[in-house]
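A.B. asks: See query.cif below, with mmCIF, C-alpha atoms.
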```cif
data_query
loop_
_atom_site.label_atom_id
_atom_site.label_comp_id
_atom_site.auth_asym_id
_atom_site.auth_seq_id
_atom_site.Cartn_x
_atom_site.Cartn_y
_atom_site.Cartn_z
CA MET A 1 -5.97 20.21 -14.30
CA GLY A 2 -4.69 22.12 -17.31
CA THR A 3 -4.32 19.01 -19.48
CA GLY A 4 -7.37 19.22 -21.74
CA LYS A 5 -8.44 15.78 -20.47
CA LYS A 6 -11.00 14.83 -17.82
CA LYS A 7 -9.06 14.02 -14.67
CA GLU A 8 -10.93 10.71 -14.31
CA TYR A 9 -9.34 9.55 -17.58
CA MET A 10 -5.78 10.50 -16.64
CA GLU A 11 -3.19 7.74 -16.16
CA LEU A 12 -2.67 6.33 -12.68
CA ASP A 13 -1.24 3.04 -11.34
CA GLY A 14 -1.21 1.24 -14.69
CA GLY A 15 -4.72 2.38 -15.56
CA THR A 16 -6.68 5.57 -15.04
CA VAL A 17 -8.09 7.52 -12.11
CA LEU A 18 -11.50 6.03 -12.91
CA SER A 19 -10.29 2.43 -13.10
CA ALA A 20 -8.27 2.86 -9.89
CA SER A 21 -11.38 4.05 -8.04
CA LEU A 22 -13.51 1.23 -9.43
CA LYS A 23 -10.96 -1.43 -8.45
CA LYS A 24 -10.99 -0.34 -4.82
CA PHE A 25 -14.67 -1.31 -4.53
CA LEU A 26 -14.59 -4.48 -6.60
CA ARG A 27 -11.63 -5.83 -4.59
CA THR A 28 -13.72 -5.89 -1.41
CA ASP A 29 -15.55 -8.93 -0.07
CA PHE A 30 -18.89 -7.20 -0.63
CA TYR A 31 -21.05 -8.05 -3.64
CA PHE A 32 -22.20 -5.06 -5.65
CA GLU A 33 -25.29 -6.08 -7.62
CA LYS A 34 -24.89 -3.15 -9.96
CA THR A 35 -22.21 -0.55 -10.53
CA LEU A 36 -23.12 2.71 -12.22
CA VAL A 37 -20.62 5.11 -13.74
CA VAL A 38 -22.23 8.51 -14.19
CA THR A 39 -20.68 10.43 -17.09
CA PRO A 40 -21.42 13.54 -19.14
CA LYS A 41 -23.88 12.67 -21.90
CA GLY A 42 -22.08 10.99 -24.78
CA GLN A 43 -19.02 10.09 -22.68
CA GLU A 44 -19.96 6.45 -22.13
CA GLU A 45 -17.42 5.09 -24.62
CA PRO A 46 -14.43 7.11 -23.31
CA ALA A 47 -15.39 6.07 -19.78
CA LEU A 48 -15.49 2.40 -20.76
CA ASP A 49 -12.10 2.77 -22.47
CA ALA A 50 -10.72 4.37 -19.30
CA ILE A 51 -11.78 1.26 -17.36
CA LYS A 52 -10.84 -1.44 -19.86
CA CYS A 53 -7.33 -0.10 -20.39
CA ASP A 54 -6.70 -1.52 -16.90
CA GLU A 55 -6.30 -5.30 -17.01
CA GLU A 56 -7.18 -5.84 -13.35
CA ALA A 57 -10.24 -3.58 -13.52
CA THR A 58 -11.47 -5.45 -16.61
CA SER A 59 -11.11 -8.76 -14.79
CA LEU A 60 -12.90 -7.47 -11.68
CA LEU A 61 -15.90 -6.38 -13.75
CA GLN A 62 -16.98 -10.02 -13.65
CA ARG A 63 -17.99 -9.35 -10.03
CA THR A 64 -20.68 -6.79 -10.89
CA ARG A 65 -23.02 -5.51 -13.61
CA LEU A 66 -21.56 -2.32 -15.01
CA GLU A 67 -23.82 0.32 -16.55
CA PHE A 68 -23.38 3.94 -17.61
CA VAL A 69 -25.80 6.74 -16.79
CA ALA A 70 -25.82 10.23 -18.30
CA GLY A 71 -25.31 12.83 -15.61
CA GLY A 72 -26.90 16.23 -15.15
CA ALA A 73 -25.75 19.83 -14.92
CA THR A 74 -24.74 19.44 -11.25
CA ARG A 75 -23.42 16.70 -8.99
CA GLN A 76 -26.80 16.57 -7.27
CA ALA A 77 -28.62 16.12 -10.60
CA SER A 78 -26.14 13.42 -11.65
CA VAL A 79 -26.71 11.42 -8.47
CA PHE A 80 -30.48 11.78 -8.86
CA ASN A 81 -30.24 10.46 -12.44
CA ALA A 82 -28.37 7.41 -11.16
CA LEU A 83 -30.87 6.79 -8.34
CA THR A 84 -33.75 7.17 -10.78
CA PHE A 85 -32.10 4.60 -13.06
CA LEU A 86 -31.91 2.14 -10.16
CA HIS A 87 -35.50 2.89 -9.17
CA GLU A 88 -36.74 2.22 -12.67
CA LYS A 89 -34.76 -1.05 -12.71
CA ASN A 90 -36.81 -2.04 -9.66
CA LEU A 91 -33.74 -2.22 -7.42
CA GLN A 92 -35.36 -0.21 -4.61
CA LEU A 93 -35.26 -3.19 -2.26
CA GLU A 94 -36.07 -2.34 1.32
CA ASN A 95 -32.64 -3.15 2.74
CA SER A 96 -30.48 -2.34 -0.29
CA ILE A 97 -27.57 0.00 0.36
CA VAL A 98 -26.21 2.39 -2.25
CA LEU A 99 -22.72 3.87 -2.12
CA ILE A 100 -21.98 7.18 -3.81
CA HIS A 101 -18.32 7.86 -4.52
CA ASP A 102 -16.33 10.51 -6.33
CA ALA A 103 -14.38 8.84 -9.14
CA ALA A 104 -11.69 11.44 -8.47
CA ARG A 105 -10.98 9.77 -5.09
CA PRO A 106 -8.95 6.75 -6.26
CA PHE A 107 -6.95 6.46 -3.02
CA VAL A 108 -9.85 5.28 -0.84
CA SER A 109 -8.90 2.31 1.34
CA GLN A 110 -10.60 -1.05 1.76
CA GLU A 111 -11.04 -0.23 5.44
CA VAL A 112 -12.97 2.98 4.72
CA ILE A 113 -15.24 1.20 2.22
CA ARG A 114 -15.93 -1.66 4.61
CA ASP A 115 -16.58 0.57 7.63
CA THR A 116 -18.93 2.82 5.64
CA ILE A 117 -20.99 -0.12 4.38
CA GLU A 118 -21.20 -1.78 7.78
CA THR A 119 -22.16 1.47 9.52
CA ALA A 120 -24.86 2.21 6.94
CA ALA A 121 -26.23 -1.33 7.30
CA LYS A 122 -26.56 -0.76 11.04
CA TYR A 123 -27.85 2.82 11.12
CA GLY A 124 -29.28 3.50 7.65
CA ALA A 125 -26.77 6.17 6.58
CA ALA A 126 -23.02 6.64 7.00
CA VAL A 127 -20.24 8.92 5.83
CA PRO A 128 -16.48 8.65 6.39
CA ALA A 129 -14.86 11.77 7.80
CA ILE A 130 -11.62 13.05 9.27
CA PRO A 131 -11.07 15.76 11.88
CA PRO A 132 -10.03 19.12 10.41
CA VAL A 133 -6.36 20.00 10.83
CA ASP A 134 -6.86 23.77 10.92
CA THR A 135 -9.06 25.78 13.28
CA GLN A 136 -12.35 26.52 11.50
CA LYS A 137 -14.21 29.85 11.42
CA GLU A 138 -17.53 30.97 9.99
CA MET A 139 -17.38 34.31 8.19
CA ASP A 140 -19.71 36.95 6.75
CA ALA A 141 -19.96 37.80 3.06
CA ASP A 142 -17.59 40.72 3.60
CA GLY A 143 -14.88 38.41 4.91
CA THR A 144 -15.11 39.11 8.64
CA ILE A 145 -15.26 36.28 11.16
CA LYS A 146 -18.83 35.69 12.26
CA ARG A 147 -18.42 32.69 14.56
CA HIS A 148 -15.58 30.74 16.14
CA LEU A 149 -16.30 27.04 15.63
CA VAL A 150 -15.21 24.28 18.01
CA ARG A 151 -12.81 22.13 16.03
CA SER A 152 -13.45 19.03 18.15
CA GLN A 153 -17.10 19.12 17.03
CA LEU A 154 -16.28 19.36 13.31
CA CYS A 155 -15.37 16.84 10.64
CA ALA A 156 -14.39 16.90 6.98
CA VAL A 157 -16.65 14.52 5.08
CA GLN A 158 -15.35 12.21 2.34
CA THR A 159 -16.83 9.59 0.04
CA PRO A 160 -18.11 6.93 -0.34
CA GLN A 161 -21.32 7.95 1.38
CA ALA A 162 -23.68 5.06 2.01
CA PHE A 163 -27.47 5.06 2.46
CA LEU A 164 -30.51 2.85 2.36
CA LEU A 165 -31.43 3.07 -1.31
CA GLU A 166 -35.18 3.70 -1.30
CA PRO A 167 -35.23 6.49 1.31
CA LEU A 168 -32.34 8.26 -0.43
CA PHE A 169 -34.15 8.13 -3.78
CA LEU A 170 -37.25 9.72 -2.23
CA CYS A 171 -35.14 12.43 -0.58
CA HIS A 172 -33.42 13.23 -3.87
CA LYS A 173 -36.76 13.26 -5.68
CA ASP A 174 -38.11 15.91 -3.32
CA ALA A 175 -34.83 17.84 -3.40
CA ALA A 176 -34.94 17.99 -7.21
CA GLY A 177 -38.16 20.05 -7.02
CA MET A 178 -36.91 22.46 -4.35
CA GLY A 179 -34.74 24.61 -6.59
CA LYS A 180 -31.98 24.46 -3.98
CA GLU A 181 -28.46 23.18 -4.54
CA TYR A 182 -27.34 20.81 -1.79
CA THR A 183 -23.64 20.28 -1.15
CA ASP A 184 -23.73 16.50 -0.80
CA ASP A 185 -26.04 13.54 -0.35
CA SER A 186 -25.80 13.56 3.45
CA GLU A 187 -27.33 17.06 3.49
CA ILE A 188 -30.18 15.84 1.28
CA TRP A 189 -30.77 12.86 3.58
CA ASP A 190 -31.06 15.09 6.63
CA ALA A 191 -33.35 17.57 4.83
CA PHE A 192 -36.24 15.09 4.48
CA PRO A 193 -36.70 13.11 7.71
CA ALA A 194 -40.17 11.99 6.63
CA HIS A 195 -38.52 9.65 4.11
CA THR A 196 -35.66 8.51 6.34
CA GLY A 197 -37.74 7.75 9.43
CA GLY A 198 -35.58 10.23 11.31
CA LYS A 199 -32.49 8.04 10.98
CA LYS A 200 -29.43 10.20 11.60
CA ILE A 201 -26.22 9.86 9.63
CA ARG A 202 -23.42 8.14 11.49
CA VAL A 203 -19.82 9.21 10.94
CA CYS A 204 -17.21 6.49 10.54
CA LYS A 205 -13.46 6.88 10.41
CA GLY A 206 -12.14 8.39 7.19
CA ASP A 207 -8.59 8.48 5.90
CA ALA A 208 -6.37 11.48 5.20
CA ALA A 209 -5.02 9.62 2.15
CA ASN A 210 -8.54 9.51 0.66
CA LYS A 211 -7.98 12.78 -1.16
CA LYS A 212 -10.00 14.09 -4.07
CA ILE A 213 -7.78 14.76 -7.05
CA THR A 214 -8.07 18.45 -7.77
CA PHE A 215 -4.71 19.61 -9.08
CA LEU A 216 -2.20 18.02 -11.46
CA GLN A 217 0.34 17.63 -8.67
CA ASP A 218 -2.10 15.35 -6.81
CA ILE A 219 -1.51 12.73 -9.51
CA GLU A 220 2.16 13.54 -9.99
CA THR A 221 2.85 13.15 -6.27
CA LYS A 222 1.11 9.78 -6.13
CA SER A 223 2.90 8.60 -9.28
CA GLN A 224 6.21 9.54 -7.69
CA GLU A 225 5.29 7.61 -4.53
CA ASN A 226 4.53 4.55 -6.64
CA LYS A 227 7.64 4.87 -8.79
CA TYR A 228 9.53 2.17 -6.89
CA MET A 229 8.63 -1.20 -5.45
CA ILE A 230 10.43 -1.66 -2.13
CA ARG A 231 11.16 -4.97 -0.38
CA ILE A 232 12.82 -5.76 2.96
CA GLY A 233 14.79 -8.97 3.48
CA PHE A 234 16.13 -10.69 6.58
CA GLY A 235 18.75 -13.41 6.85
CA THR A 236 20.63 -15.20 9.61
CA ASP A 237 23.23 -17.95 9.88
CA LEU A 238 25.03 -19.85 12.63
CA HIS A 239 28.12 -22.06 12.44
CA ARG A 240 30.08 -24.06 14.99
CA LEU A 241 33.67 -22.94 15.57
CA VAL A 242 36.27 -25.70 15.44
CA LYS A 243 40.04 -26.04 15.22
CA GLY A 244 41.66 -26.75 11.89
CA ARG A 245 39.39 -24.49 9.82
CA SER A 246 40.02 -21.01 8.41
CA PHE A 247 37.92 -18.11 9.75
CA PHE A 248 36.10 -16.10 7.05
CA LEU A 249 33.87 -13.11 7.62
CA GLY A 250 32.37 -10.98 4.86
CA GLY A 251 34.77 -12.47 2.34
CA VAL A 252 37.81 -11.62 4.44
CA GLN A 253 40.05 -14.24 6.02
CA ILE A 254 40.80 -13.19 9.58
CA PRO A 255 43.53 -14.81 11.71
CA CYS A 256 41.95 -16.94 14.42
CA GLU A 257 42.71 -20.24 16.13
CA LEU A 258 39.18 -21.40 15.33
CA GLY A 259 37.22 -21.48 12.05
CA GLU A 260 33.66 -22.13 10.90
CA GLU A 261 32.57 -25.73 10.46
CA ALA A 262 30.44 -25.90 7.30
CA HIS A 263 29.95 -27.56 3.93
CA SER A 264 31.24 -24.39 2.23
CA ASP A 265 33.90 -22.08 3.64
CA GLY A 266 31.43 -21.23 6.44
CA ASP A 267 31.28 -17.44 6.06
CA VAL A 268 28.22 -16.81 8.25
CA LEU A 269 28.03 -13.11 7.33
CA LEU A 270 27.91 -13.69 3.58
CA HIS A 271 25.40 -16.51 4.09
CA ALA A 272 23.11 -14.25 6.12
CA ILE A 273 23.41 -11.53 3.47
CA THR A 274 22.64 -14.03 0.70
CA ASP A 275 19.46 -15.18 2.48
CA ALA A 276 18.37 -11.59 3.17
CA LEU A 277 18.72 -10.65 -0.50
CA LEU A 278 16.96 -13.79 -1.73
CA GLY A 279 14.16 -13.26 0.77
CA ALA A 280 13.58 -9.65 -0.28
CA ALA A 281 13.44 -10.69 -3.92
CA ALA A 282 11.25 -13.74 -3.07
CA MET A 283 13.68 -16.00 -4.93
CA GLY A 284 14.28 -18.80 -2.44
CA ASP A 285 17.11 -19.27 0.05
CA ILE A 286 20.76 -20.24 0.05
CA GLY A 287 19.97 -23.91 0.68
CA SER A 288 17.73 -24.19 -2.39
CA TYR A 289 20.33 -22.42 -4.53
CA PHE A 290 23.31 -24.40 -3.26
CA PRO A 291 22.10 -27.69 -1.68
CA PRO A 292 24.59 -28.84 0.99
CA GLU A 293 24.15 -32.45 -0.12
CA ASP A 294 25.64 -31.51 -3.51
CA ALA A 295 29.37 -32.32 -3.39
CA LYS A 296 30.28 -29.57 -5.86
CA TRP A 297 29.62 -26.95 -3.18
CA LYS A 298 32.10 -28.56 -0.77
CA ASP A 299 34.33 -25.79 0.62
CA ALA A 300 32.77 -23.36 -1.89
CA ASP A 301 33.86 -19.75 -1.74
CA SER A 302 30.94 -17.81 -0.19
CA LYS A 303 31.94 -14.73 -2.18
CA MET A 304 31.18 -16.68 -5.35
CA LEU A 305 27.88 -17.92 -3.93
CA LEU A 306 26.77 -14.40 -3.04
CA ALA A 307 27.90 -13.01 -6.40
CA THR A 308 25.94 -15.72 -8.25
CA VAL A 309 22.77 -15.00 -6.31
CA TRP A 310 23.14 -11.23 -6.62
CA LYS A 311 23.58 -11.49 -10.39
CA ASP A 312 20.24 -13.33 -10.65
CA ILE A 313 18.53 -10.82 -8.36
CA ARG A 314 19.86 -7.88 -10.38
CA GLU A 315 18.56 -9.50 -13.58
CA GLN A 316 15.08 -9.34 -12.02
CA GLY A 317 15.45 -5.55 -11.86
CA TRP A 318 16.31 -5.20 -8.17
CA SER A 319 18.85 -2.73 -6.80
CA LEU A 320 20.27 -2.45 -3.29
CA ASN A 321 19.38 0.57 -1.21
CA ASN A 322 21.25 -0.55 1.89
CA LEU A 323 22.44 -3.54 3.88
CA ASP A 324 22.74 -3.66 7.67
CA CYS A 325 24.41 -6.56 9.47
CA VAL A 326 25.20 -7.74 12.99
CA VAL A 327 27.80 -10.39 13.84
CA GLU A 328 27.67 -12.15 17.20
CA THR A 329 31.16 -13.30 18.12
CA GLU A 330 33.26 -13.41 21.26
CA LYS A 331 36.50 -13.35 19.29
CA PRO A 332 38.38 -12.41 17.24
CA LYS A 333 37.87 -8.66 17.81
CA PHE A 334 35.94 -7.36 14.85
CA LEU A 335 36.50 -3.60 14.99
CA PRO A 336 40.00 -3.63 13.44
CA TRP A 337 38.57 -5.56 10.45
CA ARG A 338 35.28 -3.71 9.99
CA GLU A 339 36.23 -1.38 7.15
CA LYS A 340 37.92 -4.17 5.21
CA VAL A 341 34.84 -6.40 5.61
CA ILE A 342 32.49 -3.61 4.50
CA GLU A 343 34.66 -2.90 1.44
CA SER A 344 34.72 -6.63 0.61
CA ILE A 345 30.92 -6.96 0.73
CA ALA A 346 30.42 -3.76 -1.30
CA ALA A 347 32.84 -5.06 -3.93
CA ILE A 348 30.98 -8.37 -4.25
CA LEU A 349 27.66 -6.53 -4.70
CA GLY A 350 29.11 -3.81 -6.92
CA VAL A 351 27.79 -0.98 -4.71
CA GLU A 352 29.26 1.94 -2.79
CA SER A 353 30.57 0.97 0.64
CA SER A 354 28.23 3.60 2.13
CA ARG A 355 25.33 1.24 1.35
CA VAL A 356 26.76 -1.47 3.63
CA PHE A 357 27.28 -1.50 7.37
CA VAL A 358 28.42 -4.25 9.71
CA LYS A 359 28.66 -4.17 13.50
CA ALA A 360 29.62 -6.86 16.01
CA LYS A 361 28.37 -7.81 19.46
CA THR A 362 29.71 -10.18 22.08
CA ASN A 363 27.33 -12.36 24.05
CA GLU A 364 28.98 -11.59 27.40
CA LYS A 365 30.28 -15.18 27.58
CA LEU A 366 26.71 -16.53 27.49
CA ASP A 367 25.37 -19.38 25.27
CA SER A 368 27.41 -21.09 22.53
CA VAL A 369 28.55 -17.80 20.99
CA GLY A 370 29.70 -16.42 24.35
CA GLN A 371 31.61 -19.64 25.01
CA CYS A 372 33.44 -19.28 21.65
CA GLN A 373 31.74 -22.43 20.39
CA ALA A 374 29.84 -20.70 17.55
CA ILE A 375 29.49 -17.52 15.52
CA LYS A 376 26.22 -16.01 14.33
CA ALA A 377 25.28 -13.29 11.85
CA TYR A 378 22.12 -11.34 11.01
CA SER A 379 21.44 -9.23 7.96
CA THR A 380 18.62 -6.97 6.77
CA CYS A 381 18.43 -5.35 3.35
CA LEU A 382 16.24 -2.94 1.43
CA LEU A 383 15.80 -3.66 -2.27
CA TYR A 384 13.97 -1.49 -4.80
CA LYS A 385 13.01 -1.51 -8.44
CA GLU A 386 10.84 0.60 -10.70
#
```
For the file at hand, write its structure as structure tokens.
C.D. replies:
Amino acid sequence: MGTGKKKEYMELDGGTVLSASLKKFLRTDFYFEKTLVVTPKGQEEPALDAIKCDEEATSLLQRTRLEFVAGGATRQASVFNALTFLHEKNLQLENSIVLIHDAARPFVSQEVIRDTIETAAKYGAAVPAIPPVDTQKEMDADGTIKRHLVRSQLCAVQTPQAFLLEPLFLCHKDAAGMGKEYTDDSEIWDAFPAHTGGKKIRVCKGDAANKKITFLQDIETKSQENKYMIRIGFGTDLHRLVKGRSFFLGGVQIPCELGEEAHSDGDVLLHAITDALLGAAAMGDIGSYFPPEDAKWKDADSKMLLATVWKDIREQGWSLNNLDCVVETEKPKFLPWREKVIESIAAILGVESSRVFVKAKTNEKLDSVGQCQAIKAYSTCLLYKE
């Protein structure tokens, strides 16, 4: 990684790579009787610090018994040390399942964890895997292609790998005396069928996002992805059209023989936008902000209502990425007023007009809108904040 720090202790998602991996398992509906973190000898305290710096991980530890085990010179030796620890704790129950996971895979999904456990419970051993993207070849030591492999018959194995605990311990015990280095636990399981009863390892669906952190950019890319929180909002409003009222749309008064009947000035477009923004920010709706039964909002200027709401939303750290709106109206014709309406909305929100778009549709003389009895507006928005 080039940082002088173990990658498992590097910062990620408000904690560390290690705490992020641990949280993925403890968030599931499964009960883990014991959770072992295998570390280099003498690294127990830094590992604990890397977990407890994460508030959520610390809270989730109440769902398990956490212990640290000193690892060995190889991954295989480290896993065997952990299995031996469990064996000596008399946890080799006949139907117990053990999951082995790389702490450097913090992006594993709940679905992968669940499917691996359930598959192992049914068949005795399971590994998640994904199909290889590139065509695979087997080559000689001198770099020439020896065999052309059939890609449809291949898979790239991930973790967690799940096994019946007691058979896996016995396989690892025998493997430790063989003087051979096995690439992963599934290879060890298959090497000693006398202990596994001949149970074959089942492959369940993996996830391309379940990557093992290997290079610094693996963390930097994920951190960049998580830089912003993004929310989508949706709002709609409908008002009856009547004589004797002014017609407002997007904060612009447009000449028309009919106007919106409403407690406020009846600007359906600004009302839909207000609800979309409040919904995205999870801050209520226009009715809770400005109750229609309150006389002080009688004939209120919808531009002021939207500006008030947007000020509160901005104070919560939200910014507008874009706003898209549709107005359903038979008349007046909207196109001549579109640019003015867009500029009006952008000015209220204090954003560039390129972030706002409004289009209009007629209802082909159908329903109340088509009969010029009502006007309706829809709005969607995308908000973001760090």
A.B. asks: Output the residue selection produced by the PyMOL selection byres ((chain A and resi 382) around 12) on the file above, formatted as a ChimeraX atom specification.
C.D. replies: /A:228-234,273,276-281,318-324,355-356,379-381,383-385
A.B. asks: Which residues, named as in the file, does the PyMOL selection byres ((chain A and resi 35) around 6) pick out? Answer as a PyMOL selection string.
C.D. replies: chain A and resi 34+36+65-66
A.B. asks: Which one is closest to Val150 of chain A: A:Gly350, A:Pro131, A:Gly287, A:Gly2? Count only C-alpha atoms.
C.D. replies: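 Nearest to Val150 of chain A: A:Pro131.
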A.B. asks: Work out how far atom CA of His263 of chain A is from atom CA of Gln316 of chain A, in Å to one decimal.
C.D. replies: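 Between atom CA of Gln316 of chain A and atom CA of His263 of chain A the gap is 28.4 Å.
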A.B. asks: Between A:Leu164, A:Ile219, A:Ala176, A:Val79, which one has atoms that come closest to Lys200 of chain A, using all atoms listed in the file?
C.D. replies: A:Leu164
A.B. asks: Kindly write N, CA, C and O atoms of segment 369-382 of chain A from the structure just given to a file, as a PDB file, in the first residue's frame.
C.D. replies:
```pdb
ATOM      1  N   VAL A 369     -57.911  18.197 -16.222  1.00  0.00           N
ATOM      2  CA  VAL A 369     -56.883  19.063 -16.817  1.00  0.00           C
ATOM      3  C   VAL A 369     -57.214  19.332 -18.280  1.00  0.00           C
ATOM      4  O   VAL A 369     -57.151  20.477 -18.753  1.00  0.00           O
ATOM      5  N   GLY A 370     -57.563  18.279 -19.023  1.00  0.00           N
ATOM      6  CA  GLY A 370     -57.883  18.440 -20.437  1.00  0.00           C
ATOM      7  C   GLY A 370     -59.098  19.307 -20.694  1.00  0.00           C
ATOM      8  O   GLY A 370     -59.231  19.910 -21.765  1.00  0.00           O
ATOM      9  N   GLN A 371     -59.993  19.378 -19.697  1.00  0.00           N
ATOM     10  CA  GLN A 371     -61.199  20.193 -19.820  1.00  0.00           C
ATOM     11  C   GLN A 371     -60.996  21.603 -19.278  1.00  0.00           C
ATOM     12  O   GLN A 371     -61.959  22.344 -19.096  1.00  0.00           O
ATOM     13  N   CYS A 372     -59.719  21.948 -18.990  1.00  0.00           N
ATOM     14  CA  CYS A 372     -59.352  23.283 -18.465  1.00  0.00           C
ATOM     15  C   CYS A 372     -60.004  23.568 -17.110  1.00  0.00           C
ATOM     16  O   CYS A 372     -60.263  24.726 -16.762  1.00  0.00           O
ATOM     17  N   GLN A 373     -60.284  22.500 -16.364  1.00  0.00           N
ATOM     18  CA  GLN A 373     -60.856  22.676 -15.039  1.00  0.00           C
ATOM     19  C   GLN A 373     -59.787  22.655 -13.943  1.00  0.00           C
ATOM     20  O   GLN A 373     -60.063  23.044 -12.806  1.00  0.00           O
ATOM     21  N   ALA A 374     -58.569  22.191 -14.287  1.00  0.00           N
ATOM     22  CA  ALA A 374     -57.514  22.061 -13.277  1.00  0.00           C
ATOM     23  C   ALA A 374     -56.145  22.130 -13.948  1.00  0.00           C
ATOM     24  O   ALA A 374     -56.018  21.987 -15.176  1.00  0.00           O
ATOM     25  N   ILE A 375     -55.145  22.336 -13.126  1.00  0.00           N
ATOM     26  CA  ILE A 375     -53.748  22.309 -13.573  1.00  0.00           C
ATOM     27  C   ILE A 375     -52.964  21.455 -12.584  1.00  0.00           C
ATOM     28  O   ILE A 375     -53.240  21.477 -11.373  1.00  0.00           O
ATOM     29  N   LYS A 376     -51.999  20.688 -13.107  1.00  0.00           N
ATOM     30  CA  LYS A 376     -51.256  19.774 -12.254  1.00  0.00           C
ATOM     31  C   LYS A 376     -49.766  19.897 -12.568  1.00  0.00           C
ATOM     32  O   LYS A 376     -49.394  20.153 -13.716  1.00  0.00           O
ATOM     33  N   ALA A 377     -48.943  19.688 -11.534  1.00  0.00           N
ATOM     34  CA  ALA A 377     -47.494  19.752 -11.724  1.00  0.00           C
ATOM     35  C   ALA A 377     -46.822  18.604 -10.990  1.00  0.00           C
ATOM     36  O   ALA A 377     -47.294  18.154  -9.940  1.00  0.00           O
ATOM     37  N   TYR A 378     -45.713  18.136 -11.565  1.00  0.00           N
ATOM     38  CA  TYR A 378     -44.868  17.107 -10.954  1.00  0.00           C
ATOM     39  C   TYR A 378     -43.439  17.636 -10.896  1.00  0.00           C
ATOM     40  O   TYR A 378     -43.005  18.375 -11.790  1.00  0.00           O
ATOM     41  N   SER A 379     -42.720  17.207  -9.878  1.00  0.00           N
ATOM     42  CA  SER A 379     -41.323  17.624  -9.780  1.00  0.00           C
ATOM     43  C   SER A 379     -40.487  16.511  -9.162  1.00  0.00           C
ATOM     44  O   SER A 379     -40.914  15.857  -8.207  1.00  0.00           O
ATOM     45  N   THR A 380     -39.308  16.282  -9.721  1.00  0.00           N
ATOM     46  CA  THR A 380     -38.313  15.406  -9.092  1.00  0.00           C
ATOM     47  C   THR A 380     -37.042  16.212  -8.898  1.00  0.00           C
ATOM     48  O   THR A 380     -36.745  17.123  -9.685  1.00  0.00           O
ATOM     49  N   CYS A 381     -36.291  15.872  -7.845  1.00  0.00           N
ATOM     50  CA  CYS A 381     -35.043  16.588  -7.583  1.00  0.00           C
ATOM     51  C   CYS A 381     -33.994  15.609  -7.096  1.00  0.00           C
ATOM     52  O   CYS A 381     -34.310  14.517  -6.583  1.00  0.00           O
ATOM     53  N   LEU A 382     -32.744  15.989  -7.250  1.00  0.00           N
ATOM     54  CA  LEU A 382     -31.613  15.238  -6.730  1.00  0.00           C
ATOM     55  C   LEU A 382     -30.827  16.166  -5.825  1.00  0.00           C
ATOM     56  O   LEU A 382     -30.293  17.180  -6.280  1.00  0.00           O
TER      57      LEU A 382
END
```
